[in-house]
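Asks: Let me give you the structure first, and then I'll get to my questions.
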Amino acid sequence: ILQFAAFVVVVLYSIPYLNFGTTDDGTALAFGFLFTVIFFFSNIMSILHRTSDDANTVNLVVASGTGLYLASWIAQGVPSEWQSLLYVAWALVFASGAFVVFVRTNKRVPFYIYSAVSLGLLAAATAAIFEGPMLTLAYTLEVTVLVVLALRVLNNNLVASRLSWLFVGPVMLSLESVDSSAWYSGVLHNDFFILLTLMVCIGFAAQQLILAPKSEAAKEDFTGAVWAFVGSLYAMALVWLVTHAIFLDDQATMFSLLVYTIAGLVMYVQGRVHQSTYATRGGMLLIAFVVARLLFIDVWQMEIS
């Protein structure tokens, strides 16, 4: 309770300095960093002194609030050319401190909480460095690396599954690439490489999640199947957009549907042979999509040949 009250008071006292600035910007920024360190260590100590390996709502609020408080000071009080470096430095501080606590006490909660804060700071650093297509590519590669590290280093499928939901950010950023006007002028452009990177990275992450050994708690987790489906949607979108950028509309549609049909049949047969429910259902859905589009759209628009 004291920790939460102190955090609220510090935030309220800092708002005028964040919004309006003062003649002592350097001093105010130093105090902002000092309070960040204080709340970081006090919150970890609070979690460690709990009898169970969990955290209450106040611990979560203070941890996430400390990250936002720090990010606000960096964004408002640091020159733009130094912001990305400070974001990364503080991300390393938070992750390293939590990792040391985890190694010493084997308590996972501080590690998970402050790893999430570190990821937020890393995302802020990425946004400070990149913009536009490069930002989407950077986020995609970062999330892929995090999922692989969670599987290979932590050997924890559940953590990797939760981290994989960070793909939602790059997916949202990539939506404008699907409907970009650049597809009218050719294939080799930024939007093509964004969709290609997302297809490869999401597909790779999904494969790793599906094939990784699962604990009892993770056996009912279908995150890998979800991202395999999303990756296949990107593959379908790429086939459609590339063919329509190269061929005439009718030819491109025919070629795309032919590719979908072959892919659906291959997935279905492979699923039946290897007794994979995901592959079998995925192939059936793909073939059903082709048949439905032919019946309801393309039959009425194509030339008779």
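We label chains A, B, ... in the order they appear in the structure tokens, count residues from 1 in each chain, and number ligands from 1 in the order shown.
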As a PyMOL selection string, please: every residue in stretch 118-244 of chain A that a backbone DSSP assignment puts in helix (DSSP H, G or I).

Replies: chain A and resi 118-129+133-152+157-178+181-184+190-211+216-218+223-244

Asks: What's the 7 Å shell around A:Met199, counting only C-alpha atoms, without same-chain residues fewer than 5 positions away, as a list in words?

Replies: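 Selected residues are Gly231, Tyr234 and Ala235 of chain A.
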
Asks: Calculated over only C-alpha atoms, which of the candidates A:Trp90, A:Arg272, A:Ala150, A:Ala288 has the smallest distance to A:Ala212?

Replies: A:Ala150

Asks: At a cut-off of 12 Å, using only C-alpha atoms, what residues contact A:Leu294? Leave out same-chain residues fewer than 3 positions from it and give the result as a PyMOL selection string.

Replies: chain A and resi 253-254+256-258+261+287-291+297-302

Asks: Write a file of the just-selected residues containing C-alpha atoms, as a short mmCIF file (atom, residue, chain, number, x, y, z; two decimals), in the first residue's frame.

Replies:
data_model
loop_
_atom_site.label_atom_id
_atom_site.label_comp_id
_atom_site.auth_asym_id
_atom_site.auth_seq_id
_atom_site.Cartn_x
_atom_site.Cartn_y
_atom_site.Cartn_z
CA THR A 253 -7.57 -15.23 -60.59
CA MET A 254 -7.38 -18.57 -62.39
CA SER A 256 -4.30 -18.06 -57.85
CA LEU A 257 -7.20 -20.47 -57.46
CA LEU A 258 -5.16 -23.22 -59.12
CA THR A 261 -6.34 -25.92 -54.97
CA ILE A 287 -10.41 -26.25 -51.10
CA ALA A 288 -13.78 -25.12 -49.72
CA PHE A 289 -12.71 -21.49 -50.18
CA VAL A 290 -11.77 -22.13 -53.82
CA VAL A 291 -15.05 -23.91 -54.57
CA ILE A 297 -18.11 -14.99 -57.78
CA ASP A 298 -15.84 -16.16 -60.57
CA VAL A 299 -18.27 -18.31 -62.58
CA TRP A 300 -20.39 -15.23 -63.30
CA GLN A 301 -17.47 -12.94 -64.19
CA MET A 302 -15.05 -15.08 -66.23
#

Asks: Using only C-alpha atoms, which protein or nucleic acid residues come within 12 Å of A:Val145? Drop anything in the same chain fewer than 4 positions from it, and give the result as a PyMOL selection string.

Replies: chain A and resi 119+138-141+149-153+160+163-164+166-167+201-202+204-205+208

Asks: Kindly indicate which residue among A:Ala279, A:Met45, A:Ile194, A:Ala98 lies nearest to A:Met134, using only C-alpha atoms for the distances.

Replies: A:Ile194

Asks: If we count only C-alpha atoms, what is near stretch 170-181 of chain A at a cut-off of 12 Å, once residues fewer than 5 positions away on the same chain are taken out, given as a PyMOL selection string?

Replies: chain A and resi 123+127+131-144+164-165+186-187+189-199+201-202+227+230-231+233-242+245

Asks: Can you pull out every residue within 12 Å of A:Gly32, counting only C-alpha atoms, but drop anything in the same chain fewer than 2 positions away, and send it as a CSV table (one decimal) with N, CA and C atoms, in the first residue's frame?

Replies:
chain,number,residue,atom,x,y,z
A,7,PHE,N,4.1,5.8,-5.3
A,7,PHE,CA,4.2,5.9,-6.8
A,7,PHE,C,3.2,6.9,-7.3
A,10,VAL,N,4.5,10.5,-6.6
A,10,VAL,CA,5.6,10.8,-7.5
A,10,VAL,C,5.1,11.1,-8.9
A,11,VAL,N,4.2,10.3,-9.4
A,11,VAL,CA,3.7,10.6,-10.7
A,11,VAL,C,2.9,11.9,-10.8
A,13,TYR,N,3.3,14.5,-8.9
A,13,TYR,CA,4.3,15.6,-8.7
A,13,TYR,C,5.1,15.8,-10.0
A,14,SER,N,5.3,14.7,-10.8
A,14,SER,CA,6.1,14.8,-12.0
A,14,SER,C,5.4,15.4,-13.2
A,15,ILE,N,4.1,15.3,-13.2
A,15,ILE,CA,3.3,15.7,-14.4
A,15,ILE,C,3.6,17.1,-14.9
A,17,TYR,N,6.3,18.8,-14.7
A,17,TYR,CA,7.7,18.8,-15.3
A,17,TYR,C,7.6,18.1,-16.7
A,18,LEU,N,6.8,17.1,-16.8
A,18,LEU,CA,6.7,16.3,-18.0
A,18,LEU,C,6.0,17.1,-19.1
A,25,ASP,N,15.7,21.0,-16.5
A,25,ASP,CA,15.3,19.7,-17.1
A,25,ASP,C,16.2,18.6,-16.8
A,26,GLY,N,17.5,18.9,-16.7
A,26,GLY,CA,18.5,17.8,-16.4
A,26,GLY,C,18.3,17.3,-15.0
A,27,THR,N,18.1,18.1,-14.0
A,27,THR,CA,17.8,17.7,-12.7
A,27,THR,C,16.6,16.9,-12.5
A,28,ALA,N,15.5,17.4,-13.2
A,28,ALA,CA,14.2,16.7,-13.1
A,28,ALA,C,14.3,15.3,-13.8
A,29,LEU,N,15.1,15.2,-14.9
A,29,LEU,CA,15.3,13.9,-15.5
A,29,LEU,C,16.1,12.9,-14.6
A,30,ALA,N,17.1,13.5,-13.9
A,30,ALA,CA,17.9,12.7,-13.0
A,30,ALA,C,17.0,12.1,-11.9
A,34,LEU,N,16.1,8.3,-10.9
A,34,LEU,CA,16.3,7.8,-9.5
A,34,LEU,C,15.0,7.2,-9.0
A,35,PHE,N,13.9,7.8,-9.2
A,35,PHE,CA,12.6,7.2,-8.7
A,35,PHE,C,12.3,5.9,-9.5
A,36,THR,N,12.7,5.8,-10.7
A,36,THR,CA,12.5,4.5,-11.5
A,36,THR,C,13.3,3.4,-10.8
A,37,VAL,N,14.6,3.7,-10.4
A,37,VAL,CA,15.4,2.7,-9.8
A,37,VAL,C,14.8,2.3,-8.4
A,38,ILE,N,14.3,3.3,-7.7
A,38,ILE,CA,13.7,3.0,-6.4
A,38,ILE,C,12.5,2.1,-6.5
A,39,PHE,N,11.6,2.4,-7.4
A,39,PHE,CA,10.4,1.6,-7.5
A,39,PHE,C,10.7,0.2,-8.1
A,66,THR,N,5.8,1.9,-13.6
A,66,THR,CA,7.2,2.3,-13.6
A,66,THR,C,7.8,2.4,-15.0
A,67,GLY,N,7.4,1.4,-15.8
A,67,GLY,CA,7.9,1.4,-17.2
A,67,GLY,C,7.3,2.6,-18.0
A,68,LEU,N,6.0,2.9,-17.8
A,68,LEU,CA,5.4,4.0,-18.5
A,68,LEU,C,6.0,5.3,-18.0
A,69,TYR,N,6.2,5.4,-16.7
A,69,TYR,CA,6.8,6.6,-16.1
A,69,TYR,C,8.2,6.9,-16.7
A,70,LEU,N,9.0,5.8,-16.7
A,70,LEU,CA,10.3,5.9,-17.3
A,70,LEU,C,10.2,6.3,-18.8
A,71,ALA,N,9.3,5.7,-19.6
A,71,ALA,CA,9.2,6.0,-21.0
A,71,ALA,C,8.8,7.4,-21.2
A,72,SER,N,7.9,7.9,-20.3
A,72,SER,CA,7.5,9.3,-20.4
A,72,SER,C,8.6,10.3,-20.2
A,73,TRP,N,9.5,10.0,-19.2
A,73,TRP,CA,10.6,10.9,-19.0
A,73,TRP,C,11.6,10.9,-20.2
A,74,ILE,N,11.8,9.7,-20.7
A,74,ILE,CA,12.7,9.6,-21.9
A,74,ILE,C,12.1,10.4,-23.1
A,76,GLN,N,10.0,12.8,-23.1
A,76,GLN,CA,9.8,14.3,-23.0
A,76,GLN,C,11.1,15.0,-22.6
A,77,GLY,N,12.0,14.3,-21.9
A,77,GLY,CA,13.2,15.0,-21.4
A,77,GLY,C,14.5,14.7,-22.0
A,78,VAL,N,14.5,13.8,-23.0
A,78,VAL,CA,15.8,13.4,-23.7
A,78,VAL,C,15.7,13.8,-25.1

Asks: Quick one: distance from atom CA of A:Leu122 to atom CA of A:Leu85 in Å, one decimal?

Replies: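 So the answer is 9.9 Å.
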
Asks: Would you please work out which residue, of A:Phe94, A:Phe40, A:Tyr87, A:Phe102, is nearest to A:Thr126 when using only C-alpha atoms?

Replies: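 With only C-alpha atoms as the atom set, the closest residue is A:Tyr87.
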
Asks: Could you state the separation of atom CA of A:Ser118 and atom CA of A:Ala91 in Å, given to one decimal place?

Replies: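 One can read the atom CA of A:Ser118 to atom CA of A:Ala91 distance as 4.3 Å.
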
Asks: Using only C-alpha atoms, which protein or nucleic acid residues come within 10 Å of A:Thr280? Drop anything in the same chain fewer than 2 positions from it, and give the result as a list in words.

Replies: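 The residues satisfying every condition are Gly264, Leu265, Val266, Met267, Tyr268, Val269, Gln270, Gly271, Arg272, Val273, His274, Gln275, Ser276, Thr277, Tyr278, Gly282, Gly283, Met284 and Leu285 of chain A.
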